[in-house]
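Chemist: Pasting model-v5.cif here (mmCIF, C-alpha atoms):
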```
data_coords
#
loop_
_atom_site.label_atom_id
_atom_site.label_comp_id
_atom_site.auth_asym_id
_atom_site.auth_seq_id
_atom_site.Cartn_x
_atom_site.Cartn_y
_atom_site.Cartn_z
CA ARG V 1 -6.45 -4.52 17.18
CA VAL V 2 -4.80 -7.46 18.96
CA LEU V 3 -5.98 -9.79 16.19
CA PHE V 4 -4.53 -7.45 13.58
CA ARG V 5 -1.12 -7.35 15.30
CA SER V 6 -1.10 -11.14 15.69
CA GLU V 7 -1.97 -11.68 12.04
CA LEU V 8 0.63 -9.15 10.94
CA ALA V 9 3.34 -10.85 13.01
CA LEU V 10 2.54 -14.24 11.49
CA GLN V 11 2.63 -12.79 8.00
CA ILE V 12 5.98 -11.11 8.59
CA CYS V 13 7.50 -14.38 9.73
CA ALA V 14 5.90 -16.21 6.78
CA ARG V 15 3.60 -18.42 8.84
CA LEU V 16 0.30 -16.99 7.58
CA GLU V 17 -0.95 -16.06 4.14
CA ASN V 18 -2.42 -12.61 3.58
CA GLY V 19 -5.67 -12.20 5.48
CA LYS V 20 -8.71 -9.98 5.12
CA LEU V 21 -7.41 -7.33 7.48
CA LEU V 22 -4.50 -6.58 5.15
CA ALA V 23 -6.14 -7.36 1.83
CA GLU V 24 -6.43 -3.78 0.63
CA ARG V 25 -2.89 -2.92 1.66
CA VAL V 26 -1.47 -6.01 -0.03
CA SER V 27 -3.49 -5.36 -3.19
CA ALA V 28 -2.07 -1.84 -3.40
CA LEU V 29 1.47 -3.13 -2.97
CA ILE V 30 0.96 -5.72 -5.70
CA GLN V 31 -0.38 -3.14 -8.13
CA ASP V 32 2.53 -0.83 -7.39
CA LYS V 33 4.96 -3.72 -7.94
CA ARG V 34 3.35 -4.52 -11.29
CA ARG V 35 3.65 -0.91 -12.43
CA GLN V 36 7.32 -0.93 -11.56
CA GLU V 37 7.86 -4.19 -13.46
CA ASP V 38 6.05 -2.81 -16.50
CA GLN V 39 8.30 0.24 -16.49
CA VAL V 40 11.40 -1.94 -16.24
CA SER V 41 10.10 -4.19 -19.02
CA ARG V 42 9.52 -1.25 -21.37
CA SER V 43 12.96 0.10 -20.57
CA GLU V 44 14.60 -3.28 -21.27
CA ARG V 45 12.79 -3.65 -24.60
CA GLY V 46 14.26 -0.34 -25.68
CA ARG V 47 17.76 -1.69 -25.02
CA GLU V 48 17.39 -5.09 -26.71
CA SER V 49 20.36 -6.22 -28.77
CA PRO V 50 20.03 -7.77 -32.27
CA ILE V 51 20.36 -11.26 -30.80
CA GLY V 52 17.51 -10.71 -28.39
CA ARG V 53 17.16 -10.01 -24.69
CA PRO V 54 18.71 -12.50 -22.25
CA ALA V 55 16.22 -14.62 -20.34
CA ARG V 56 15.33 -13.27 -16.93
CA HIS V 57 16.74 -15.37 -14.11
CA LEU V 58 14.02 -17.18 -12.19
CA PRO V 59 15.27 -18.23 -8.74
CA PHE V 60 14.88 -21.95 -7.96
CA SER V 61 13.37 -22.57 -11.42
CA GLY V 62 13.49 -26.27 -12.29
CA ARG V 63 15.42 -27.14 -9.13
CA ALA V 64 14.41 -29.52 -6.39
CA ILE V 65 13.38 -27.53 -3.33
CA ARG V 66 13.03 -28.82 0.19
CA PRO V 67 9.49 -28.85 1.56
CA GLN V 68 8.65 -26.28 4.19
CA MET V 69 9.71 -27.42 7.64
CA VAL V 70 6.87 -28.30 10.01
CA ASP V 71 7.21 -25.11 12.06
CA GLY V 72 9.34 -23.16 9.60
CA PRO V 73 8.53 -20.17 7.39
CA SER V 74 7.20 -20.52 3.85
CA ARG V 75 9.67 -17.91 2.59
CA ARG V 76 12.71 -16.04 3.83
CA VAL V 77 12.06 -13.95 6.94
CA SER V 78 13.56 -10.48 6.91
CA GLU V 79 16.76 -10.17 8.89
CA GLY V 80 15.42 -7.14 10.74
CA PHE V 81 12.40 -9.01 12.03
CA ARG V 82 14.51 -12.04 12.94
CA LEU V 83 16.94 -9.93 14.97
CA ALA V 84 14.05 -8.12 16.65
CA VAL V 85 12.84 -11.50 17.92
CA LEU V 86 16.21 -13.05 18.78
CA ASN V 87 18.14 -10.00 19.98
CA SER V 88 15.55 -7.99 21.88
CA PRO V 89 12.86 -8.59 24.54
CA ALA V 90 10.10 -7.97 21.97
CA LEU V 91 8.96 -11.61 21.93
CA ILE V 92 8.41 -11.68 25.70
CA ALA V 93 5.73 -9.00 25.48
CA ILE V 94 3.88 -11.30 23.08
CA ALA V 95 4.58 -14.37 25.23
CA LEU V 96 2.88 -12.79 28.24
CA ASN V 97 -0.37 -12.34 26.31
CA ARG V 98 -0.26 -14.80 23.38
CA PRO V 99 2.25 -17.53 24.33
CA LYS V 100 1.29 -19.92 21.52
CA LEU V 101 1.75 -17.14 19.00
CA ALA V 102 5.15 -16.37 20.54
CA GLY V 103 6.18 -20.00 20.13
CA GLU V 104 5.16 -20.02 16.48
CA ILE V 105 7.04 -16.79 15.79
CA LEU V 106 10.15 -18.07 17.57
CA LEU V 107 10.26 -21.24 15.49
CA ALA V 108 9.64 -19.33 12.27
CA VAL V 109 12.68 -17.09 12.82
CA CYS V 110 14.91 -19.96 13.98
CA LEU V 111 14.18 -22.39 11.13
CA GLU V 112 15.21 -21.78 7.55
CA GLU V 113 12.87 -21.32 4.62
CA PRO V 114 12.52 -23.90 1.79
CA ARG V 115 15.71 -23.91 -0.28
CA PRO V 116 17.02 -25.91 -3.25
CA PHE V 117 18.88 -29.03 -2.20
CA ASP V 118 21.85 -28.12 -4.40
CA THR V 119 22.52 -24.86 -2.52
CA GLU V 120 23.38 -26.67 0.70
CA ASP V 121 27.13 -26.53 0.96
CA ARG V 122 29.14 -27.71 3.93
CA PHE V 123 28.70 -24.35 5.66
CA SER V 124 24.92 -24.08 5.43
CA SER V 125 24.15 -27.75 6.03
CA ARG V 126 25.95 -27.82 9.35
CA HIS V 127 23.28 -25.54 10.82
CA LEU V 128 20.82 -28.42 10.36
CA GLY V 129 17.88 -26.47 9.02
CA THR V 130 18.30 -23.53 11.38
CA VAL V 131 19.31 -19.99 10.46
CA ASP V 132 22.85 -18.71 10.75
CA TRP V 133 22.35 -16.52 13.84
CA GLN V 134 25.78 -14.89 13.96
CA LYS V 135 24.88 -12.52 16.77
CA GLY V 136 24.15 -15.60 18.87
CA TYR V 137 27.81 -16.64 18.92
CA PRO V 138 29.03 -17.93 21.26
CA PRO V 139 25.79 -19.62 22.34
CA MET V 140 24.82 -19.09 25.97
CA TYR V 141 21.73 -19.75 28.06
CA PHE V 142 21.06 -16.01 28.25
CA LYS V 143 21.33 -15.45 24.49
CA GLY V 144 18.04 -14.93 22.68
CA PRO V 145 14.55 -15.00 24.22
CA PHE V 146 14.56 -18.68 25.21
CA LEU V 147 15.14 -18.40 28.96
CA GLN V 148 12.78 -15.45 29.41
CA PHE V 149 10.15 -17.24 27.35
CA LEU V 150 10.44 -20.27 29.63
CA ARG V 151 9.98 -18.06 32.68
CA ALA V 152 7.00 -16.27 31.12
CA SER V 153 5.10 -19.28 29.75
CA ALA V 154 6.76 -22.59 30.45
CA PRO V 155 4.40 -25.00 28.58
CA ASP V 156 4.55 -23.12 25.29
CA ALA V 157 8.26 -22.36 25.54
CA VAL V 158 9.09 -26.00 26.28
CA GLU V 159 7.05 -27.11 23.29
CA ALA V 160 8.76 -24.61 20.99
CA ILE V 161 12.27 -25.53 22.14
CA VAL V 162 11.65 -29.27 21.91
CA ASN V 163 10.18 -28.89 18.42
CA LEU V 164 13.20 -26.84 17.34
CA VAL V 165 15.60 -29.51 18.61
CA ASN V 166 13.56 -32.38 17.13
CA GLN V 167 13.59 -30.83 13.66
CA ALA V 168 17.31 -30.10 13.78
CA THR V 169 17.89 -33.74 14.78
CA VAL V 170 15.86 -34.97 11.80
CA ARG V 171 18.06 -32.86 9.53
CA TRP V 172 21.14 -34.31 11.27
CA ARG V 173 19.93 -37.81 10.40
CA GLU V 174 19.64 -36.87 6.73
CA LYS V 175 23.40 -36.32 6.59
CA ILE V 176 24.05 -39.95 7.51
CA PRO V 177 23.75 -42.70 4.86
CA GLU V 178 20.44 -44.52 5.02
CA ASP V 179 22.09 -47.94 5.16
CA VAL V 180 23.73 -47.17 8.52
CA ASN V 181 22.31 -49.35 11.28
CA SER V 182 19.53 -47.45 13.04
CA GLU V 183 20.93 -48.51 16.42
CA LEU V 184 24.05 -46.43 15.68
CA VAL V 185 22.05 -43.25 15.14
CA SER V 186 19.51 -43.61 17.92
CA LEU V 187 19.37 -44.41 21.62
CA GLU V 188 16.96 -46.68 23.45
CA ILE V 189 15.80 -45.01 26.65
CA PRO V 190 13.76 -46.69 29.39
CA PHE V 191 11.07 -44.63 31.11
CA GLU V 192 8.42 -45.50 33.65
CA VAL V 193 5.80 -45.53 30.90
CA GLY V 194 7.93 -47.82 28.73
CA THR V 195 11.00 -47.88 26.53
CA THR V 196 11.37 -45.51 23.62
CA ARG V 197 14.04 -44.82 21.01
CA TRP V 198 15.23 -41.27 20.40
CA LEU V 199 17.14 -40.16 17.33
CA GLY V 200 20.78 -39.15 17.71
CA ASP V 201 24.18 -40.51 18.75
CA HIS V 202 26.72 -39.42 21.36
CA SER V 203 27.43 -36.17 19.50
CA VAL V 204 23.73 -35.20 19.50
CA PHE V 205 23.56 -36.09 23.19
CA GLY V 206 26.17 -33.38 23.84
CA TRP V 207 24.55 -30.56 21.87
CA TYR V 208 23.61 -28.75 25.08
CA ARG V 209 27.33 -28.37 25.77
CA ASN V 210 27.87 -26.47 22.49
CA GLY V 211 28.47 -29.55 20.40
CA LEU V 212 26.78 -28.05 17.34
CA HIS V 213 27.20 -25.15 14.89
CA SER V 214 23.60 -23.97 15.33
CA ASN V 215 23.63 -21.11 17.81
CA THR V 216 19.84 -21.17 18.10
CA VAL V 217 19.63 -24.85 19.03
CA VAL V 218 22.52 -24.74 21.49
CA SER V 219 21.32 -21.55 23.20
CA ALA V 220 17.81 -23.01 23.44
CA LEU V 221 19.14 -26.21 25.04
CA MET V 222 21.32 -24.26 27.45
CA ALA V 223 18.37 -22.07 28.41
CA LEU V 224 16.22 -25.15 28.99
CA GLU V 225 18.91 -26.67 31.20
CA LYS V 226 19.29 -23.45 33.18
CA TRP V 227 15.53 -23.10 33.62
CA LEU V 228 15.16 -26.70 34.82
CA TYR V 229 17.87 -26.02 37.43
CA GLU V 230 15.89 -23.00 38.61
CA GLU V 231 12.67 -24.99 38.76
CA GLY V 232 14.36 -27.71 40.77
CA GLU V 233 15.50 -25.17 43.35
CA THR V 234 12.39 -22.95 43.56
CA SER V 235 9.57 -25.32 42.66
CA PRO V 236 10.75 -28.94 42.91
CA GLN V 237 7.18 -30.23 43.02
CA THR V 238 6.60 -29.06 39.44
CA LEU V 239 9.96 -30.21 38.06
CA SER V 240 8.69 -33.75 37.51
CA ALA V 241 5.77 -32.45 35.45
CA HIS V 242 8.10 -30.42 33.25
CA VAL V 243 10.37 -33.40 32.70
CA GLN V 244 7.41 -35.58 31.77
CA ARG V 245 6.30 -32.97 29.26
CA ILE V 246 9.74 -32.93 27.65
CA VAL V 247 9.79 -36.72 27.50
CA GLN V 248 6.36 -36.72 25.90
CA LEU V 249 7.34 -34.27 23.15
CA SER V 250 10.95 -35.22 22.49
CA SER V 251 12.36 -37.52 19.84
CA SER V 252 15.99 -36.36 20.14
CA THR V 253 18.84 -37.56 22.34
CA ALA V 254 19.84 -33.90 22.66
CA LEU V 255 17.00 -33.56 25.16
CA ALA V 256 18.23 -36.67 26.93
CA GLY V 257 21.56 -34.91 27.45
CA VAL V 258 19.81 -32.01 29.16
CA LEU V 259 17.69 -34.28 31.35
CA VAL V 260 20.69 -36.34 32.42
CA ALA V 261 22.57 -33.17 33.42
CA VAL V 262 19.59 -31.96 35.44
CA GLY V 263 19.19 -35.37 37.07
CA LEU V 264 22.85 -35.46 38.09
CA LYS V 265 22.56 -32.03 39.67
CA HIS V 266 19.54 -33.01 41.74
CA THR V 267 20.75 -36.48 42.70
#
```
Take the structure in this file and express it as structure tokens.
Modeler:
Amino acid sequence: RVLFRSELALQICARLENGKLLAERVSALIQDKRRQEDQVSRSERGRESPIGRPARHLPFSGRAIRPQMVDGPSRRVSEGFRLAVLNSPALIAIALNRPKLAGEILLAVCLEEPRPFDTEDRFSSRHLGTVDWQKGYPPMYFKGPFLQFLRASAPDAVEAIVNLVNQATVRWREKIPEDVNSELVSLEIPFEVGTTRWLGDHSVFGWYRNGLHSNTVVSALMALEKWLYEEGETSPQTLSAHVQRIVQLSSSTALAGVLVAVGLKHT
């Protein structure tokens, strides 16, 4: 039963193809859909004009489509399911028992599905590959399941949030001409283990202060900042381990902004 619910959740958020447990149900739905299409087709043939029936519109036909994002859905996720994850405590119940599954679901509802490049206008592109979560405005650390997920299962929540931010930062880089000097769109950061270069400029560094139009990314960063403050006060001995984990996973200066803020607070 638990396996069934997990598989169903992944299918709903377009992270898993139809499995054996739902094969019969899916087959029945497909057959019903075909019967409906046949009825529509027969009805349309009866109304054909002398010049012939107009060609049926095929969405995305012959248009360049973005590849599926690393942790994103393969198709559009229903708005109802997305809001159930982002606007209710439903995900936390999963996080307490299947934290990795919760992380995968969270990313699938935060990241957009593959879309044609030519549909990205100035309004959609500013979300940087994340969904337009209008109910998340204005972004706050308590918006969405991010903070509660961190409290329930820190390792998996940290990984999900860092991956979300990394992928949004990659999309941010795509908006900048390729011939721009890489040093202007990245930051060299020295760590004890060595020096690394993270993607992003001063604007990306300030995302955690609501410097972005993506409510999911900003709320996630704010929640991460808030949680790190809590860890520093209640469990300072583990704070260093959490910071090292973030450093290990991150490739975005947006995470550097959060870490600097936390470091200043505990200095």
Chemist: For the atom pair atom CA of V:Arg171 and atom CA of V:Ile105, what is the interatomic distance in Å to one decimal place?
Modeler: 20.5 Å
Chemist: Could you state the separation of atom CA of V:Leu184 and atom CA of V:Asp201 in Å, given to one decimal place?
Modeler: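 If I compute the distance from atom CA of V:Leu184 to atom CA of V:Asp201, I get 6.7 Å.
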Chemist: Using all atoms listed in the file for the distances, tell me which of V:Glu112, V:Phe117, V:Val185, V:Trp198 is nearest to V:Asn166.
Modeler: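 When distances to V:Asn166 are compared using all atoms listed in the file, the smallest one comes from V:Trp198.
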Chemist: Pick out the residues sitting within 7 Å of stretch 225-240 of chain V, and hand them over as a list in words; count all atoms listed in the file, and ignore anything fewer than 2 positions along from it in its own chain.
Modeler: Tyr141, Leu147, Leu221, Met222, Ala223, His242, Val243, Gln244, Val258 and Val262 of chain V
Chemist: For the residues selected in the previous step, produce a file with C-alpha atoms as a CSV table (one decimal), keeping the file's coordinate frame.
Modeler:
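What landed in again_34.csv:
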```csv
chain,number,residue,atom,x,y,z
V,141,TYR,CA,21.7,-19.8,28.1
V,147,LEU,CA,15.1,-18.4,29.0
V,221,LEU,CA,19.1,-26.2,25.0
V,222,MET,CA,21.3,-24.3,27.4
V,223,ALA,CA,18.4,-22.1,28.4
V,242,HIS,CA,8.1,-30.4,33.2
V,243,VAL,CA,10.4,-33.4,32.7
V,244,GLN,CA,7.4,-35.6,31.8
V,258,VAL,CA,19.8,-32.0,29.2
V,262,VAL,CA,19.6,-32.0,35.4
```
Chemist: To box stretch 124-137 of chain V, take all atoms listed in the file, fit an axis-aligned box, add 5 Å on each side, and give centre and edge lengths in Å to one decimal, as JSON.
Modeler:
```
{"center_x": 22.8, "center_y": -20.5, "center_z": 12.2, "size_x": 19.9, "size_y": 25.9, "size_z": 23.5}
```
Chemist: Do you have the atom CA of V:Trp133-atom CA of V:Ala9 distance handy?
Modeler: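 Separation between atom CA of V:Trp133 and atom CA of V:Ala9: 19.9 Å.
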Chemist: What does the PyMOL selection byres ((chain V and resi 86) around 9) select in this file, as a PyMOL selection string?
Modeler: chain V and resi 81-85+87-91+106+109-110+133+135-136+143-146+216
Chemist: Env of V:Ala168: 8 Å cut, atoms = all atoms listed in the file, seq-sep filter 4 positions within chain, self excluded. Answer as a list in words.
Modeler: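 That gives Leu128, Gly129, Thr130, Leu164, Trp172 and Val217 of chain V.
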Chemist: Take the selection from the previous step and output its residues with C-alpha atoms, as a PDB file, in the coordinates of the input.
Modeler:
```pdb
ATOM      1  CA  LEU V 128      20.820 -28.420  10.360  1.00  0.00           C
ATOM      2  CA  GLY V 129      17.880 -26.470   9.020  1.00  0.00           C
ATOM      3  CA  THR V 130      18.300 -23.530  11.380  1.00  0.00           C
ATOM      4  CA  LEU V 164      13.200 -26.840  17.340  1.00  0.00           C
ATOM      5  CA  TRP V 172      21.140 -34.310  11.270  1.00  0.00           C
ATOM      6  CA  VAL V 217      19.630 -24.850  19.030  1.00  0.00           C
TER       7      VAL V 217
END
```
Chemist: Where does the PyMOL selection byres ((chain V and resi 160) around 8) land in this file, that is, which residues does it pick, as a VMD selection string?
Modeler: chain V and resid 103 to 104 106 to 107 156 to 159 161 to 164
Chemist: Please expand the PyMOL selection byres ((chain V and resi 68) around 12) into the concrete residues it hits in this file, giving the result as an mmCIF file with C-alpha atoms, in the frame of the given file.
Modeler:
```cif
data_model
loop_
_atom_site.group_PDB
_atom_site.id
_atom_site.type_symbol
_atom_site.label_atom_id
_atom_site.label_comp_id
_atom_site.auth_asym_id
_atom_site.auth_seq_id
_atom_site.Cartn_x
_atom_site.Cartn_y
_atom_site.Cartn_z
ATOM 1 C CA ALA V 14 5.900 -16.210 6.780
ATOM 2 C CA ARG V 15 3.600 -18.420 8.840
ATOM 3 C CA ILE V 65 13.380 -27.530 -3.330
ATOM 4 C CA ARG V 66 13.030 -28.820 0.190
ATOM 5 C CA PRO V 67 9.490 -28.850 1.560
ATOM 6 C CA MET V 69 9.710 -27.420 7.640
ATOM 7 C CA VAL V 70 6.870 -28.300 10.010
ATOM 8 C CA ASP V 71 7.210 -25.110 12.060
ATOM 9 C CA GLY V 72 9.340 -23.160 9.600
ATOM 10 C CA PRO V 73 8.530 -20.170 7.390
ATOM 11 C CA SER V 74 7.200 -20.520 3.850
ATOM 12 C CA ARG V 75 9.670 -17.910 2.590
ATOM 13 C CA ARG V 76 12.710 -16.040 3.830
ATOM 14 C CA ALA V 108 9.640 -19.330 12.270
ATOM 15 C CA LEU V 111 14.180 -22.390 11.130
ATOM 16 C CA GLU V 112 15.210 -21.780 7.550
ATOM 17 C CA GLU V 113 12.870 -21.320 4.620
ATOM 18 C CA PRO V 114 12.520 -23.900 1.790
ATOM 19 C CA ARG V 115 15.710 -23.910 -0.280
ATOM 20 C CA PRO V 116 17.020 -25.910 -3.250
ATOM 21 C CA GLY V 129 17.880 -26.470 9.020
ATOM 22 C CA GLN V 167 13.590 -30.830 13.660
#
```
Chemist: If we count all atoms listed in the file, what is near V:Asp132 at a cut-off of 8 Å, once residues fewer than 2 positions away on the same chain are taken out, given as number ranges by chain?
Modeler: V: 124, 127, 130, 134, 214-215
Chemist: Near V:Leu259, within 10 Å and counting all atoms listed in the file, which residues show up once chain neighbours fewer than 2 positions away are dropped, as a PyMOL selection string?
Modeler: chain V and resi 224-225+228+243+246-247+253-257+261-265
Chemist: When distances are computed from all atoms listed in the file, which of V:Ser78, V:Pro155, V:Ile176, V:Val260 shows the smallest separation from V:Phe205?
Modeler: V:Val260
Chemist: Given the choices V:Ser251, V:Ser182, V:Ser219, V:Asn97, which gets closest to V:Pro138 if the distance is worked out from only C-alpha atoms?
Modeler: V:Ser219
Chemist: Can I get stretch 218-233 of chain V with N, CA, C and O atoms filled in, as a PDB file, keeping the file's coordinate frame?
Modeler:
```
ATOM      1  N   VAL V 218      21.689 -24.613  20.286  1.00  0.00           N
ATOM      2  CA  VAL V 218      22.520 -24.740  21.490  1.00  0.00           C
ATOM      3  C   VAL V 218      22.066 -23.765  22.572  1.00  0.00           C
ATOM      4  O   VAL V 218      21.943 -24.137  23.748  1.00  0.00           O
ATOM      5  N   SER V 219      21.792 -22.527  22.207  1.00  0.00           N
ATOM      6  CA  SER V 219      21.320 -21.550  23.200  1.00  0.00           C
ATOM      7  C   SER V 219      19.983 -21.981  23.789  1.00  0.00           C
ATOM      8  O   SER V 219      19.745 -21.808  24.995  1.00  0.00           O
ATOM      9  N   ALA V 220      19.110 -22.540  22.951  1.00  0.00           N
ATOM     10  CA  ALA V 220      17.810 -23.010  23.440  1.00  0.00           C
ATOM     11  C   ALA V 220      17.989 -24.160  24.432  1.00  0.00           C
ATOM     12  O   ALA V 220      17.322 -24.197  25.476  1.00  0.00           O
ATOM     13  N   LEU V 221      18.890 -25.085  24.133  1.00  0.00           N
ATOM     14  CA  LEU V 221      19.140 -26.210  25.040  1.00  0.00           C
ATOM     15  C   LEU V 221      19.765 -25.732  26.344  1.00  0.00           C
ATOM     16  O   LEU V 221      19.415 -26.208  27.427  1.00  0.00           O
ATOM     17  N   MET V 222      20.699 -24.798  26.235  1.00  0.00           N
ATOM     18  CA  MET V 222      21.320 -24.260  27.450  1.00  0.00           C
ATOM     19  C   MET V 222      20.298 -23.531  28.311  1.00  0.00           C
ATOM     20  O   MET V 222      20.323 -23.634  29.551  1.00  0.00           O
ATOM     21  N   ALA V 223      19.408 -22.785  27.664  1.00  0.00           N
ATOM     22  CA  ALA V 223      18.370 -22.070  28.410  1.00  0.00           C
ATOM     23  C   ALA V 223      17.428 -23.055  29.095  1.00  0.00           C
ATOM     24  O   ALA V 223      17.017 -22.838  30.246  1.00  0.00           O
ATOM     25  N   LEU V 224      17.084 -24.127  28.395  1.00  0.00           N
ATOM     26  CA  LEU V 224      16.220 -25.150  28.990  1.00  0.00           C
ATOM     27  C   LEU V 224      16.887 -25.788  30.197  1.00  0.00           C
ATOM     28  O   LEU V 224      16.246 -25.996  31.245  1.00  0.00           O
ATOM     29  N   GLU V 225      18.167 -26.095  30.075  1.00  0.00           N
ATOM     30  CA  GLU V 225      18.910 -26.670  31.200  1.00  0.00           C
ATOM     31  C   GLU V 225      18.930 -25.710  32.389  1.00  0.00           C
ATOM     32  O   GLU V 225      18.648 -26.107  33.529  1.00  0.00           O
ATOM     33  N   LYS V 226      19.246 -24.453  32.122  1.00  0.00           N
ATOM     34  CA  LYS V 226      19.290 -23.450  33.180  1.00  0.00           C
ATOM     35  C   LYS V 226      17.933 -23.304  33.870  1.00  0.00           C
ATOM     36  O   LYS V 226      17.850 -23.253  35.106  1.00  0.00           O
ATOM     37  N   TRP V 227      16.877 -23.261  33.066  1.00  0.00           N
ATOM     38  CA  TRP V 227      15.530 -23.100  33.620  1.00  0.00           C
ATOM     39  C   TRP V 227      15.128 -24.299  34.464  1.00  0.00           C
ATOM     40  O   TRP V 227      14.508 -24.147  35.532  1.00  0.00           O
ATOM     41  N   LEU V 228      15.481 -25.502  34.040  1.00  0.00           N
ATOM     42  CA  LEU V 228      15.160 -26.700  34.820  1.00  0.00           C
ATOM     43  C   LEU V 228      15.915 -26.691  36.160  1.00  0.00           C
ATOM     44  O   LEU V 228      15.386 -27.146  37.179  1.00  0.00           O
ATOM     45  N   TYR V 229      17.151 -26.177  36.165  1.00  0.00           N
ATOM     46  CA  TYR V 229      17.870 -26.020  37.430  1.00  0.00           C
ATOM     47  C   TYR V 229      17.103 -25.078  38.360  1.00  0.00           C
ATOM     48  O   TYR V 229      16.954 -25.353  39.553  1.00  0.00           O
ATOM     49  N   GLU V 230      16.644 -23.973  37.808  1.00  0.00           N
ATOM     50  CA  GLU V 230      15.890 -23.000  38.610  1.00  0.00           C
ATOM     51  C   GLU V 230      14.617 -23.615  39.166  1.00  0.00           C
ATOM     52  O   GLU V 230      14.276 -23.410  40.339  1.00  0.00           O
ATOM     53  N   GLU V 231      13.911 -24.363  38.324  1.00  0.00           N
ATOM     54  CA  GLU V 231      12.670 -24.990  38.760  1.00  0.00           C
ATOM     55  C   GLU V 231      12.933 -26.000  39.870  1.00  0.00           C
ATOM     56  O   GLU V 231      12.149 -26.126  40.813  1.00  0.00           O
ATOM     57  N   GLY V 232      14.038 -26.724  39.750  1.00  0.00           N
ATOM     58  CA  GLY V 232      14.360 -27.710  40.770  1.00  0.00           C
ATOM     59  C   GLY V 232      14.654 -27.077  42.118  1.00  0.00           C
ATOM     60  O   GLY V 232      14.438 -27.696  43.174  1.00  0.00           O
ATOM     61  N   GLU V 233      15.154 -25.840  42.106  1.00  0.00           N
ATOM     62  CA  GLU V 233      15.500 -25.170  43.350  1.00  0.00           C
ATOM     63  C   GLU V 233      14.308 -24.397  43.943  1.00  0.00           C
ATOM     64  O   GLU V 233      14.140 -24.343  45.160  1.00  0.00           O
TER      65      GLU V 233
END
```
